[in-house]
>>> print(open('run32.pdb').read())   # PDB, C-alpha atoms
ATOM      1  CA  MET G   1     164.543  95.894  86.527
ATOM      2  CA  SER G   2     163.117  99.366  87.119
ATOM      3  CA  ASP G   3     162.580 100.329  90.760
ATOM      4  CA  ALA G   4     158.946 101.059  89.870
ATOM      5  CA  LEU G   5     158.464  97.373  89.022
ATOM      6  CA  VAL G   6     159.877  96.105  92.322
ATOM      7  CA  LEU G   7     157.272  94.971  94.851
ATOM      8  CA  THR G   8     158.291  96.535  98.162
ATOM      9  CA  ASP G   9     157.142  95.112 101.479
ATOM     10  CA  ALA G  10     154.529  97.859 101.720
ATOM     11  CA  ASP G  11     153.308  97.120  98.178
ATOM     12  CA  PHE G  12     153.137  93.401  98.976
ATOM     13  CA  VAL G  13     150.906  94.085 101.990
ATOM     14  CA  GLN G  14     148.576  96.233  99.857
ATOM     15  CA  TYR G  15     148.252  93.611  97.115
ATOM     16  CA  ARG G  16     148.001  90.754  99.623
ATOM     17  CA  ASP G  17     145.158  92.447 101.510
ATOM     18  CA  LEU G  18     143.268  93.369  98.347
ATOM     19  CA  ILE G  19     143.496  89.808  96.998
ATOM     20  CA  TYR G  20     142.356  88.379 100.324
ATOM     21  CA  ASN G  21     139.437  90.803 100.693
ATOM     22  CA  GLU G  22     138.249  90.154  97.138
ATOM     23  CA  SER G  23     138.783  86.396  96.866
ATOM     24  CA  GLY G  24     139.772  84.870 100.216
ATOM     25  CA  ILE G  25     143.051  83.669  98.651
ATOM     26  CA  THR G  26     145.973  84.163 101.021
ATOM     27  CA  PHE G  27     149.479  85.151  99.979
ATOM     28  CA  THR G  28     152.177  84.806 102.614
ATOM     29  CA  PRO G  29     155.922  85.558 102.601
ATOM     30  CA  THR G  30     156.368  81.888 101.618
ATOM     31  CA  ASN G  31     154.443  82.188  98.348
ATOM     32  CA  ARG G  32     155.149  85.893  97.744
ATOM     33  CA  SER G  33     157.332  84.987  94.744
ATOM     34  CA  ILE G  34     154.257  83.568  92.950
ATOM     35  CA  LEU G  35     152.421  86.865  93.392
ATOM     36  CA  GLU G  36     155.459  88.838  92.202
ATOM     37  CA  SER G  37     155.850  86.654  89.103
ATOM     38  CA  ARG G  38     152.159  86.838  88.132
ATOM     39  CA  LEU G  39     152.090  90.589  88.786
ATOM     40  CA  ARG G  40     155.091  91.208  86.521
ATOM     41  CA  GLU G  41     153.427  89.176  83.763
ATOM     42  CA  ARG G  42     150.234  91.206  84.113
ATOM     43  CA  LEU G  43     152.089  94.539  84.014
ATOM     44  CA  ARG G  44     153.970  93.428  80.896
ATOM     45  CA  GLU G  45     150.693  92.421  79.186
ATOM     46  CA  LYS G  46     149.125  95.783  80.014
ATOM     47  CA  GLY G  47     152.195  97.894  79.246
ATOM     48  CA  ILE G  48     152.191  99.341  82.767
ATOM     49  CA  THR G  49     155.565 100.221  84.301
ATOM     50  CA  SER G  50     154.708 100.787  87.970
ATOM     51  CA  VAL G  51     153.284  98.412  90.579
ATOM     52  CA  LYS G  52     151.867 101.427  92.423
ATOM     53  CA  ASP G  53     150.074 102.727  89.328
ATOM     54  CA  TYR G  54     148.624  99.273  88.676
ATOM     55  CA  PHE G  55     147.357  99.000  92.242
ATOM     56  CA  GLY G  56     145.519 102.281  91.712
ATOM     57  CA  THR G  57     143.982 100.846  88.538
ATOM     58  CA  ILE G  58     142.673  97.608  90.078
ATOM     59  CA  SER G  59     141.368  99.528  93.098
ATOM     60  CA  LYS G  60     138.981 101.418  90.801
ATOM     61  CA  ASP G  61     138.436  99.165  87.764
ATOM     62  CA  GLN G  62     136.419  96.027  88.600
ATOM     63  CA  GLY G  63     137.033  94.539  85.168
ATOM     64  CA  GLU G  64     140.789  94.788  85.507
ATOM     65  CA  LEU G  65     140.588  93.544  89.085
ATOM     66  CA  LYS G  66     138.880  90.370  87.827
ATOM     67  CA  GLY G  67     141.603  89.984  85.237
ATOM     68  CA  PHE G  68     144.290  90.361  87.877
ATOM     69  CA  LEU G  69     142.649  87.835  90.209
ATOM     70  CA  ASP G  70     142.435  85.508  87.230
ATOM     71  CA  SER G  71     146.184  85.847  86.683
ATOM     72  CA  VAL G  72     147.141  85.015  90.280
ATOM     73  CA  THR G  73     144.850  81.988  90.528
ATOM     74  CA  THR G  74     146.628  78.652  90.266
ATOM     75  CA  ASN G  75     144.902  76.482  87.638
ATOM     76  CA  LEU G  76     146.542  73.056  87.864
ATOM     77  CA  THR G  77     144.181  70.259  86.892
ATOM     78  CA  ARG G  78     143.798  67.191  84.684
ATOM     79  CA  PHE G  79     141.218  64.581  83.698
ATOM     80  CA  PHE G  80     140.543  61.898  86.321
ATOM     81  CA  ARG G  81     142.850  63.653  88.788
ATOM     82  CA  ASN G  82     143.099  61.488  91.915
ATOM     83  CA  GLN G  83     141.324  58.454  90.464
ATOM     84  CA  ALA G  84     140.540  57.068  93.935
ATOM     85  CA  GLN G  85     138.042  59.865  94.534
ATOM     86  CA  PHE G  86     136.207  59.046  91.322
ATOM     87  CA  ASP G  87     136.200  55.383  92.363
ATOM     88  CA  ALA G  88     134.521  56.484  95.609
ATOM     89  CA  LEU G  89     132.016  58.501  93.596
ATOM     90  CA  GLU G  90     131.129  55.505  91.443
ATOM     91  CA  ASN G  91     131.130  52.786  94.090
ATOM     92  CA  TYR G  92     129.951  54.579  97.219
ATOM     93  CA  ILE G  93     128.401  58.014  96.689
ATOM     94  CA  ILE G  94     126.183  57.262  93.698
ATOM     95  CA  PRO G  95     124.721  54.046  95.200
ATOM     96  CA  GLU G  96     124.038  55.907  98.462
ATOM     97  CA  LEU G  97     122.282  58.754  96.667
ATOM     98  CA  MET G  98     120.199  56.337  94.624
ATOM     99  CA  LYS G  99     118.973  54.709  97.848
ATOM    100  CA  ILE G 100     117.971  58.136  99.170
ATOM    101  CA  LYS G 101     116.353  59.557  96.065
ATOM    102  CA  LYS G 102     114.617  56.646  94.351
ATOM    103  CA  PRO G 103     111.798  56.274  96.927
ATOM    104  CA  THR G 104     110.957  59.961  96.467
ATOM    105  CA  GLY G 105     110.847  59.672  92.678
ATOM    106  CA  ASN G 106     113.377  62.493  92.358
ATOM    107  CA  MET G 107     115.872  60.684  90.142
ATOM    108  CA  VAL G 108     118.045  63.696  89.309
ATOM    109  CA  LEU G 109     121.517  64.066  90.831
ATOM    110  CA  LYS G 110     122.880  67.596  91.228
ATOM    111  CA  PHE G 111     126.641  68.208  91.196
ATOM    112  CA  TRP G 112     128.727  71.320  91.765
ATOM    113  CA  SER G 113     132.357  71.458  90.635
ATOM    114  CA  ALA G 114     133.597  74.489  92.606
ATOM    115  CA  GLY G 115     136.926  75.788  91.377
ATOM    116  CA  CYS G 116     136.572  73.855  88.125
ATOM    117  CA  SER G 117     139.519  75.576  86.419
ATOM    118  CA  THR G 118     139.675  74.627  82.716
ATOM    119  CA  GLY G 119     136.917  72.030  82.961
ATOM    120  CA  GLU G 120     138.663  68.691  83.272
ATOM    121  CA  GLU G 121     136.938  67.886  86.576
ATOM    122  CA  PRO G 122     133.292  68.506  85.549
ATOM    123  CA  TYR G 123     133.823  66.723  82.228
ATOM    124  CA  THR G 124     135.287  63.761  84.098
ATOM    125  CA  ILE G 125     132.246  63.706  86.406
ATOM    126  CA  ALA G 126     129.879  63.864  83.427
ATOM    127  CA  MET G 127     131.595  61.026  81.550
ATOM    128  CA  LEU G 128     131.549  58.837  84.638
ATOM    129  CA  LEU G 129     127.865  59.523  85.314
ATOM    130  CA  ASN G 130     127.016  58.766  81.700
ATOM    131  CA  GLU G 131     128.648  55.372  82.113
ATOM    132  CA  VAL G 132     127.290  54.281  85.498
ATOM    133  CA  LEU G 133     123.835  55.797  85.975
ATOM    134  CA  PRO G 134     120.987  53.378  85.192
ATOM    135  CA  VAL G 135     118.280  54.208  82.680
ATOM    136  CA  GLY G 136     115.835  56.749  84.121
ATOM    137  CA  TRP G 137     118.415  58.614  86.167
ATOM    138  CA  LYS G 138     119.519  62.097  85.137
ATOM    139  CA  TYR G 139     122.159  64.507  86.334
ATOM    140  CA  GLU G 140     122.913  68.218  86.328
ATOM    141  CA  ILE G 141     126.355  69.754  86.789
ATOM    142  CA  VAL G 142     127.222  73.364  87.530
ATOM    143  CA  ALA G 143     130.923  74.202  87.269
ATOM    144  CA  SER G 144     132.270  77.469  88.618
ATOM    145  CA  ASP G 145     135.559  79.305  88.908
ATOM    146  CA  LEU G 146     137.037  82.684  89.762
ATOM    147  CA  SER G 147     139.004  82.700  86.502
ATOM    148  CA  LEU G 148     137.067  83.903  83.463
ATOM    149  CA  LYS G 149     139.917  82.790  81.209
ATOM    150  CA  SER G 150     139.751  79.249  82.595
ATOM    151  CA  LEU G 151     135.960  79.180  82.257
ATOM    152  CA  MET G 152     136.206  80.186  78.590
ATOM    153  CA  THR G 153     138.582  77.275  77.980
ATOM    154  CA  ALA G 154     136.268  74.928  79.888
ATOM    155  CA  LYS G 155     133.179  76.032  77.982
ATOM    156  CA  GLU G 156     134.941  75.611  74.631
ATOM    157  CA  GLY G 157     135.784  72.018  75.583
ATOM    158  CA  PHE G 158     138.888  71.803  73.396
ATOM    159  CA  TYR G 159     142.015  70.121  74.751
ATOM    160  CA  ALA G 160     145.392  69.708  73.092
ATOM    161  CA  GLU G 161     146.907  66.238  72.794
ATOM    162  CA  SER G 162     149.054  66.905  75.872
ATOM    163  CA  ARG G 163     145.976  67.626  78.014
ATOM    164  CA  ILE G 164     144.057  64.381  77.479
ATOM    165  CA  VAL G 165     146.429  62.243  79.536
ATOM    166  CA  GLY G 166     144.433  60.125  81.990
ATOM    167  CA  ILE G 167     141.310  59.679  79.873
ATOM    168  CA  PRO G 168     140.638  55.965  79.238
ATOM    169  CA  ASP G 169     140.752  55.086  75.541
ATOM    170  CA  ASN G 170     137.108  54.020  75.459
ATOM    171  CA  TYR G 171     136.018  57.331  77.051
ATOM    172  CA  LEU G 172     138.151  59.307  74.602
ATOM    173  CA  ALA G 173     136.601  57.538  71.622
ATOM    174  CA  LYS G 174     133.058  57.861  72.965
ATOM    175  CA  TYR G 175     132.978  61.394  74.377
ATOM    176  CA  PHE G 176     135.502  63.380  72.284
ATOM    177  CA  ASP G 177     135.842  64.276  68.631
ATOM    178  CA  LYS G 178     139.349  64.299  67.168
ATOM    179  CA  VAL G 179     139.941  67.748  65.683
ATOM    180  CA  GLU G 180     142.969  69.619  64.414
ATOM    181  CA  GLY G 181     145.475  70.017  67.234
ATOM    182  CA  GLY G 182     143.640  67.957  69.811
ATOM    183  CA  TYR G 183     140.198  66.806  70.963
ATOM    184  CA  LYS G 184     136.839  68.483  71.537
ATOM    185  CA  VAL G 185     134.204  67.328  74.021
ATOM    186  CA  LYS G 186     131.050  66.065  72.315
ATOM    187  CA  PRO G 187     127.757  67.948  72.886
ATOM    188  CA  GLU G 188     126.385  64.836  74.598
ATOM    189  CA  ILE G 189     128.632  65.760  77.549
ATOM    190  CA  SER G 190     129.144  69.514  77.238
ATOM    191  CA  SER G 191     125.389  70.146  77.173
ATOM    192  CA  LYS G 192     125.068  68.618  80.647
ATOM    193  CA  ILE G 193     127.341  71.221  82.262
ATOM    194  CA  ARG G 194     126.582  74.857  83.062
ATOM    195  CA  PHE G 195     129.732  76.926  83.493
ATOM    196  CA  ASP G 196     129.405  79.928  85.763
ATOM    197  CA  TYR G 197     131.694  82.646  87.118
ATOM    198  CA  HIS G 198     131.658  82.511  90.902
ATOM    199  CA  ASN G 199     133.848  83.812  93.713
ATOM    200  CA  LEU G 200     133.714  81.346  96.625
ATOM    201  CA  LYS G 201     133.919  84.329  98.947
ATOM    202  CA  ASN G 202     130.269  84.988  98.051
ATOM    203  CA  ASP G 203     127.037  83.015  98.350
ATOM    204  CA  SER G 204     126.458  80.903  95.245
ATOM    205  CA  GLY G 205     122.679  80.850  95.369
ATOM    206  CA  HIS G 206     122.792  77.071  94.824
ATOM    207  CA  LYS G 207     120.436  74.817  96.767
ATOM    208  CA  GLY G 208     119.936  71.070  96.967
ATOM    209  CA  MET G 209     123.345  70.018  95.660
ATOM    210  CA  ASP G 210     123.875  66.273  96.116
ATOM    211  CA  VAL G 211     127.636  66.297  95.592
ATOM    212  CA  VAL G 212     130.102  69.168  95.806
ATOM    213  CA  PHE G 213     133.638  68.803  94.480
ATOM    214  CA  CYS G 214     136.013  71.485  95.758
ATOM    215  CA  ARG G 215     139.461  70.022  95.412
ATOM    216  CA  ASN G 216     142.758  71.787  96.044
ATOM    217  CA  VAL G 217     141.072  75.162  96.471
ATOM    218  CA  ILE G 218     140.599  75.841 100.197
ATOM    219  CA  ILE G 219     144.282  75.131 100.728
ATOM    220  CA  TYR G 220     144.853  78.681  99.412
ATOM    221  CA  PHE G 221     142.552  80.197 102.053
ATOM    222  CA  ASP G 222     143.291  81.045 105.663
ATOM    223  CA  GLU G 223     141.314  79.418 108.486
ATOM    224  CA  ALA G 224     138.574  82.060 108.636
ATOM    225  CA  ALA G 225     137.999  81.988 104.875
ATOM    226  CA  GLN G 226     138.046  78.173 104.830
ATOM    227  CA  THR G 227     135.380  78.000 107.540
ATOM    228  CA  ALA G 228     133.198  80.513 105.702
ATOM    229  CA  VAL G 229     133.476  78.623 102.397
ATOM    230  CA  ILE G 230     132.674  75.268 103.992
ATOM    231  CA  LYS G 231     129.612  76.782 105.698
ATOM    232  CA  ARG G 232     128.393  78.109 102.350
ATOM    233  CA  PHE G 233     128.796  74.632 100.882
ATOM    234  CA  TRP G 234     126.694  73.216 103.742
ATOM    235  CA  ASP G 235     123.944  75.742 102.993
ATOM    236  CA  ALA G 236     124.015  74.899  99.266
ATOM    237  CA  MET G 237     123.752  71.135  99.742
ATOM    238  CA  ALA G 238     120.810  68.751 100.049
ATOM    239  CA  SER G 239     119.857  67.300 103.440
ATOM    240  CA  LYS G 240     121.758  64.084 102.623
ATOM    241  CA  SER G 241     124.746  64.839 100.405
ATOM    242  CA  PHE G 242     128.503  64.570  99.994
ATOM    243  CA  LEU G 243     131.512  66.885  99.868
ATOM    244  CA  ILE G 244     134.801  65.928  98.212
ATOM    245  CA  ILE G 245     137.881  68.067  98.866
ATOM    246  CA  GLY G 246     141.516  67.593  97.848
ATOM    247  CA  HIS G 247     143.262  64.524  99.202
ATOM    248  CA  SER G 248     145.790  66.787 100.960
ATOM    249  CA  GLU G 249     143.035  68.960 102.478
ATOM    250  CA  SER G 250     141.074  68.311 105.651
ATOM    251  CA  LEU G 251     138.215  69.710 107.714
ATOM    252  CA  PHE G 252     139.887  68.422 110.885
ATOM    253  CA  GLY G 253     139.660  70.986 113.675
ATOM    254  CA  MET G 254     137.245  73.158 111.701
ATOM    255  CA  ASP G 255     133.920  74.261 113.169
ATOM    256  CA  THR G 256     131.670  72.331 110.791
ATOM    257  CA  LYS G 257     128.746  69.902 110.866
ATOM    258  CA  PHE G 258     130.109  67.716 108.083
ATOM    259  CA  GLU G 259     130.859  64.124 109.062
ATOM    260  CA  PHE G 260     134.064  62.387 108.029
ATOM    261  CA  VAL G 261     133.495  59.274 105.894
ATOM    262  CA  LYS G 262     136.203  56.726 105.140
ATOM    263  CA  THR G 263     135.463  54.395 102.249
ATOM    264  CA  GLN G 264     137.696  51.673 100.835
ATOM    265  CA  TRP G 265     138.477  53.981  97.913
ATOM    266  CA  ALA G 266     138.912  57.477  99.387
ATOM    267  CA  THR G 267     137.879  59.697 102.274
ATOM    268  CA  LEU G 268     135.133  62.304 101.965
ATOM    269  CA  TYR G 269     132.553  64.201 103.993
ATOM    270  CA  SER G 270     128.806  63.843 104.319
ATOM    271  CA  LYS G 271     125.949  66.087 105.288
ATOM    272  CA  SER G 272     123.051  64.425 107.057
ATOM    273  CA  THR G 273     120.243  66.469 108.612
TER     274      THR G 273
END
>>> encode(input="run32.pdb", output="structure tokens")
Amino acid sequence: MSDALVLTDADFVQYRDLIYNESGITFTPTNRSILESRLRERLREKGITSVKDYFGTISKDQGELKGFLDSVTTNLTRFFRNQAQFDALENYIIPELMKIKKPTGNMVLKFWSAGCSTGEEPYTIAMLLNEVLPVGWKYEIVASDLSLKSLMTAKEGFYAESRIVGIPDNYLAKYFDKVEGGYKVKPEISSKIRFDYHNLKNDSGHKGMDVVFCRNVIIYFDEAAQTAVIKRFWDAMASKSFLIIGHSESLFGMDTKFEFVKTQWATLYSKST
């Protein structure tokens, strides 16, 4: 490997700080190898032979910077990932929200899938809501991610055979069309979701969200960035609402007003003001 392609300690610090300042994602010596691998892939794609030259490029070119951030973002997801959390959504969160909203006549539930990756999470939410919401109730879902590439995949709604693992057979038959090479989400579901590019480092502009899913995302942030993101979620949510984070993530010890809720299906957090 050419010396120009080797990420020195000084180069690592430069890239690490830029990524953190732009996205809140933290790279440490422990996960440095991930950054190095993704960076080499990006340089190969662009035909660039120097890590220093590429740093100069992304420091000036916002479009290429977005592409680079896209490449270092981890996008591991699947349909009905962590089923227990969707059981809690169906059996606890939705009934609670219906008690709150029905007396007001506002029978629309607003969801935000933050860090939606390639779309499996928001489509799972939509299919579930289609199945369990009574007549008269409606829902809106906004799904956002830092990765434009992932959002394009999500918006297309096409998934290869290998990607549909976890979808119940009756859901697959009802909400997907079999096409060459895989399955495509039917308009009945895809039309209910608005996909949007969003960096969690910034204010979303969302208000009145009843449920926010942000699973396996804040684990990549340091404590300061985590606290800032959680505060922005609080500001975006309705006065009585729910936050679902990854099952390995926790708000314990964080300066937040969210209340811990333990259900018989999964743990989550609630906002009540």
>>> resolve_selection(input="run32.pdb", expression="the PyMOL selection byres ((chain G and resi 70) around 10)", output="ChimeraX atom specification")
/G:38,64-69,71-75,145-150
>>> closest_residue(input="run32.pdb", among="G:Thr263, G:Gln62, G:Ser250, G:Phe55", to="Asp17 in chain G", atoms="all atoms listed in the file")
G:Phe55
>>> resolve_selection(input="run32.pdb", expression="the PyMOL selection byres ((chain G and resi 227) around 12)", output="list in words")
Gly24, Leu200, Lys201, Ile218, Ile219, Phe221, Asp222, Glu223, Ala224, Ala225, Gln226, Ala228, Val229, Ile230, Lys231, Arg232, Phe233, Trp234, Ser250, Leu251, Phe252, Gly253, Met254, Asp255, Thr256, Lys257 and Phe258 of chain G
>>> resolve_selection(input="run32.pdb", expression="the PyMOL selection byres ((chain G and resi 40-53) around 9)", output="JSON, numbers by chain")
{"G": [2, 3, 4, 5, 6, 7, 11, 35, 36, 37, 38, 39, 54, 55, 56, 57, 67, 68, 71]}
>>> closest_residue(input="run32.pdb", among="G:Ile141, G:Val13, G:Leu172, G:Gly136", to="Pro122 in chain G", atoms="only C-alpha atoms")
G:Ile141
>>> atom_distance(input="run32.pdb", atom1="CA of Gly181 in chain G", atom2="CA of Leu129 in chain G")
27.3 Å
>>> closest_residue(input="run32.pdb", among="G:Ala84, G:Ala266, G:Leu243, G:Ala238", to="Ile100 in chain G", atoms="all atoms listed in the file")
G:Ala238
>>> atom_distance(input="run32.pdb", atom1="CA of Val108 in chain G", atom2="CA of Asn130 in chain G")
12.8 Å
>>> residues_around(input="run32.pdb", residues="Tyr220 in chain G", least_positions_apart="5", cutoff="8 Å", atoms="only C-alpha atoms", output="list of chain:residue names")
G:Ile25, G:Thr26, G:Phe27
>>> atom_distance(input="run32.pdb", atom1="CA of Ser23 in chain G", atom2="CA of Tyr197 in chain G")
12.6 Å
>>> closest_residue(input="run32.pdb", among="G:Ala114, G:Val217, G:Met98, G:Ala10", to="Lys240 in chain G", atoms="all atoms listed in the file")
G:Met98
>>> residues_around(input="run32.pdb", residues="Asp87 in chain G", least_positions_apart="5", cutoff="12 Å", atoms="all atoms listed in the file", output="ChimeraX atom specification")
/G:80-82,92-95,124-125,128-129,132,263-268
>>> closest_residue(input="run32.pdb", among="G:Asn202, G:Asp210, G:Glu22, G:Lys262", to="Met107 in chain G", atoms="only C-alpha atoms")
G:Asp210
>>> closest_residue(input="run32.pdb", among="G:Ser239, G:Ser113, G:Ser162, G:Thr30", to="Thr273 in chain G", atoms="only C-alpha atoms")
G:Ser239
>>> build_atoms(input="run32.pdb", residues="range 142-152 of chain G", atoms="all heavy atoms", output="PDB file, keeping the file's coordinate frame")
ATOM      1  N   VAL G 142     126.811  71.972  87.644  1.00  0.00           N
ATOM      2  CA  VAL G 142     127.222  73.364  87.530  1.00  0.00           C
ATOM      3  C   VAL G 142     128.704  73.409  87.874  1.00  0.00           C
ATOM      4  O   VAL G 142     129.153  72.756  88.824  1.00  0.00           O
ATOM      5  CB  VAL G 142     126.392  74.292  88.441  1.00  0.00           C
ATOM      6  CG1 VAL G 142     126.522  73.913  89.907  1.00  0.00           C
ATOM      7  CG2 VAL G 142     126.809  75.747  88.242  1.00  0.00           C
ATOM      8  N   ALA G 143     129.478  74.111  87.070  1.00  0.00           N
ATOM      9  CA  ALA G 143     130.923  74.202  87.269  1.00  0.00           C
ATOM     10  C   ALA G 143     131.290  75.680  87.350  1.00  0.00           C
ATOM     11  O   ALA G 143     130.938  76.463  86.462  1.00  0.00           O
ATOM     12  CB  ALA G 143     131.661  73.527  86.116  1.00  0.00           C
ATOM     13  N   SER G 144     131.982  76.055  88.407  1.00  0.00           N
ATOM     14  CA  SER G 144     132.270  77.469  88.618  1.00  0.00           C
ATOM     15  C   SER G 144     133.745  77.700  88.902  1.00  0.00           C
ATOM     16  O   SER G 144     134.457  76.822  89.373  1.00  0.00           O
ATOM     17  CB  SER G 144     131.431  78.013  89.782  1.00  0.00           C
ATOM     18  OG  SER G 144     131.828  77.418  91.005  1.00  0.00           O
ATOM     19  N   ASP G 145     134.177  78.936  88.626  1.00  0.00           N
ATOM     20  CA  ASP G 145     135.559  79.305  88.908  1.00  0.00           C
ATOM     21  C   ASP G 145     135.667  80.814  88.999  1.00  0.00           C
ATOM     22  O   ASP G 145     134.805  81.546  88.486  1.00  0.00           O
ATOM     23  CB  ASP G 145     136.508  78.772  87.828  1.00  0.00           C
ATOM     24  CG  ASP G 145     137.934  78.638  88.339  1.00  0.00           C
ATOM     25  OD1 ASP G 145     138.695  79.622  88.273  1.00  0.00           O
ATOM     26  OD2 ASP G 145     138.278  77.552  88.838  1.00  0.00           O
ATOM     27  N   LEU G 146     136.734  81.258  89.646  1.00  0.00           N
ATOM     28  CA  LEU G 146     137.037  82.684  89.762  1.00  0.00           C
ATOM     29  C   LEU G 146     137.697  83.213  88.492  1.00  0.00           C
ATOM     30  O   LEU G 146     137.708  84.416  88.247  1.00  0.00           O
ATOM     31  CB  LEU G 146     137.973  82.895  90.966  1.00  0.00           C
ATOM     32  CG  LEU G 146     138.470  84.293  91.278  1.00  0.00           C
ATOM     33  CD1 LEU G 146     137.314  85.180  91.731  1.00  0.00           C
ATOM     34  CD2 LEU G 146     139.540  84.255  92.365  1.00  0.00           C
ATOM     35  N   SER G 147     138.247  82.318  87.690  1.00  0.00           N
ATOM     36  CA  SER G 147     139.004  82.700  86.502  1.00  0.00           C
ATOM     37  C   SER G 147     138.129  82.664  85.252  1.00  0.00           C
ATOM     38  O   SER G 147     137.713  81.594  84.797  1.00  0.00           O
ATOM     39  CB  SER G 147     140.201  81.752  86.320  1.00  0.00           C
ATOM     40  OG  SER G 147     140.782  81.920  85.040  1.00  0.00           O
ATOM     41  N   LEU G 148     137.859  83.837  84.686  1.00  0.00           N
ATOM     42  CA  LEU G 148     137.067  83.903  83.463  1.00  0.00           C
ATOM     43  C   LEU G 148     137.800  83.238  82.301  1.00  0.00           C
ATOM     44  O   LEU G 148     137.191  82.579  81.453  1.00  0.00           O
ATOM     45  CB  LEU G 148     136.767  85.364  83.122  1.00  0.00           C
ATOM     46  CG  LEU G 148     135.757  86.069  84.033  1.00  0.00           C
ATOM     47  CD1 LEU G 148     135.753  87.564  83.748  1.00  0.00           C
ATOM     48  CD2 LEU G 148     134.360  85.495  83.864  1.00  0.00           C
ATOM     49  N   LYS G 149     139.114  83.394  82.269  1.00  0.00           N
ATOM     50  CA  LYS G 149     139.917  82.790  81.209  1.00  0.00           C
ATOM     51  C   LYS G 149     139.794  81.269  81.246  1.00  0.00           C
ATOM     52  O   LYS G 149     139.606  80.611  80.219  1.00  0.00           O
ATOM     53  CB  LYS G 149     141.376  83.201  81.370  1.00  0.00           C
ATOM     54  CG  LYS G 149     142.297  82.669  80.294  1.00  0.00           C
ATOM     55  CD  LYS G 149     143.722  83.159  80.525  1.00  0.00           C
ATOM     56  CE  LYS G 149     144.669  82.593  79.485  1.00  0.00           C
ATOM     57  NZ  LYS G 149     146.071  83.044  79.728  1.00  0.00           N
ATOM     58  N   SER G 150     139.881  80.698  82.458  1.00  0.00           N
ATOM     59  CA  SER G 150     139.751  79.249  82.595  1.00  0.00           C
ATOM     60  C   SER G 150     138.354  78.784  82.195  1.00  0.00           C
ATOM     61  O   SER G 150     138.190  77.748  81.542  1.00  0.00           O
ATOM     62  CB  SER G 150     140.049  78.821  84.041  1.00  0.00           C
ATOM     63  OG  SER G 150     141.397  79.055  84.364  1.00  0.00           O
ATOM     64  N   LEU G 151     137.338  79.543  82.587  1.00  0.00           N
ATOM     65  CA  LEU G 151     135.960  79.180  82.257  1.00  0.00           C
ATOM     66  C   LEU G 151     135.725  79.192  80.742  1.00  0.00           C
ATOM     67  O   LEU G 151     135.000  78.346  80.218  1.00  0.00           O
ATOM     68  CB  LEU G 151     134.982  80.136  82.939  1.00  0.00           C
ATOM     69  CG  LEU G 151     134.766  79.916  84.433  1.00  0.00           C
ATOM     70  CD1 LEU G 151     133.946  81.063  85.019  1.00  0.00           C
ATOM     71  CD2 LEU G 151     134.076  78.587  84.710  1.00  0.00           C
ATOM     72  N   MET G 152     136.346  80.136  80.046  1.00  0.00           N
ATOM     73  CA  MET G 152     136.206  80.186  78.590  1.00  0.00           C
ATOM     74  C   MET G 152     136.809  78.934  77.946  1.00  0.00           C
ATOM     75  O   MET G 152     136.237  78.350  77.028  1.00  0.00           O
ATOM     76  CB  MET G 152     136.878  81.445  78.052  1.00  0.00           C
ATOM     77  CG  MET G 152     136.110  82.718  78.361  1.00  0.00           C
ATOM     78  SD  MET G 152     137.017  84.216  77.890  1.00  0.00           S
ATOM     79  CE  MET G 152     137.087  84.012  76.115  1.00  0.00           C
TER      80      MET G 152
END
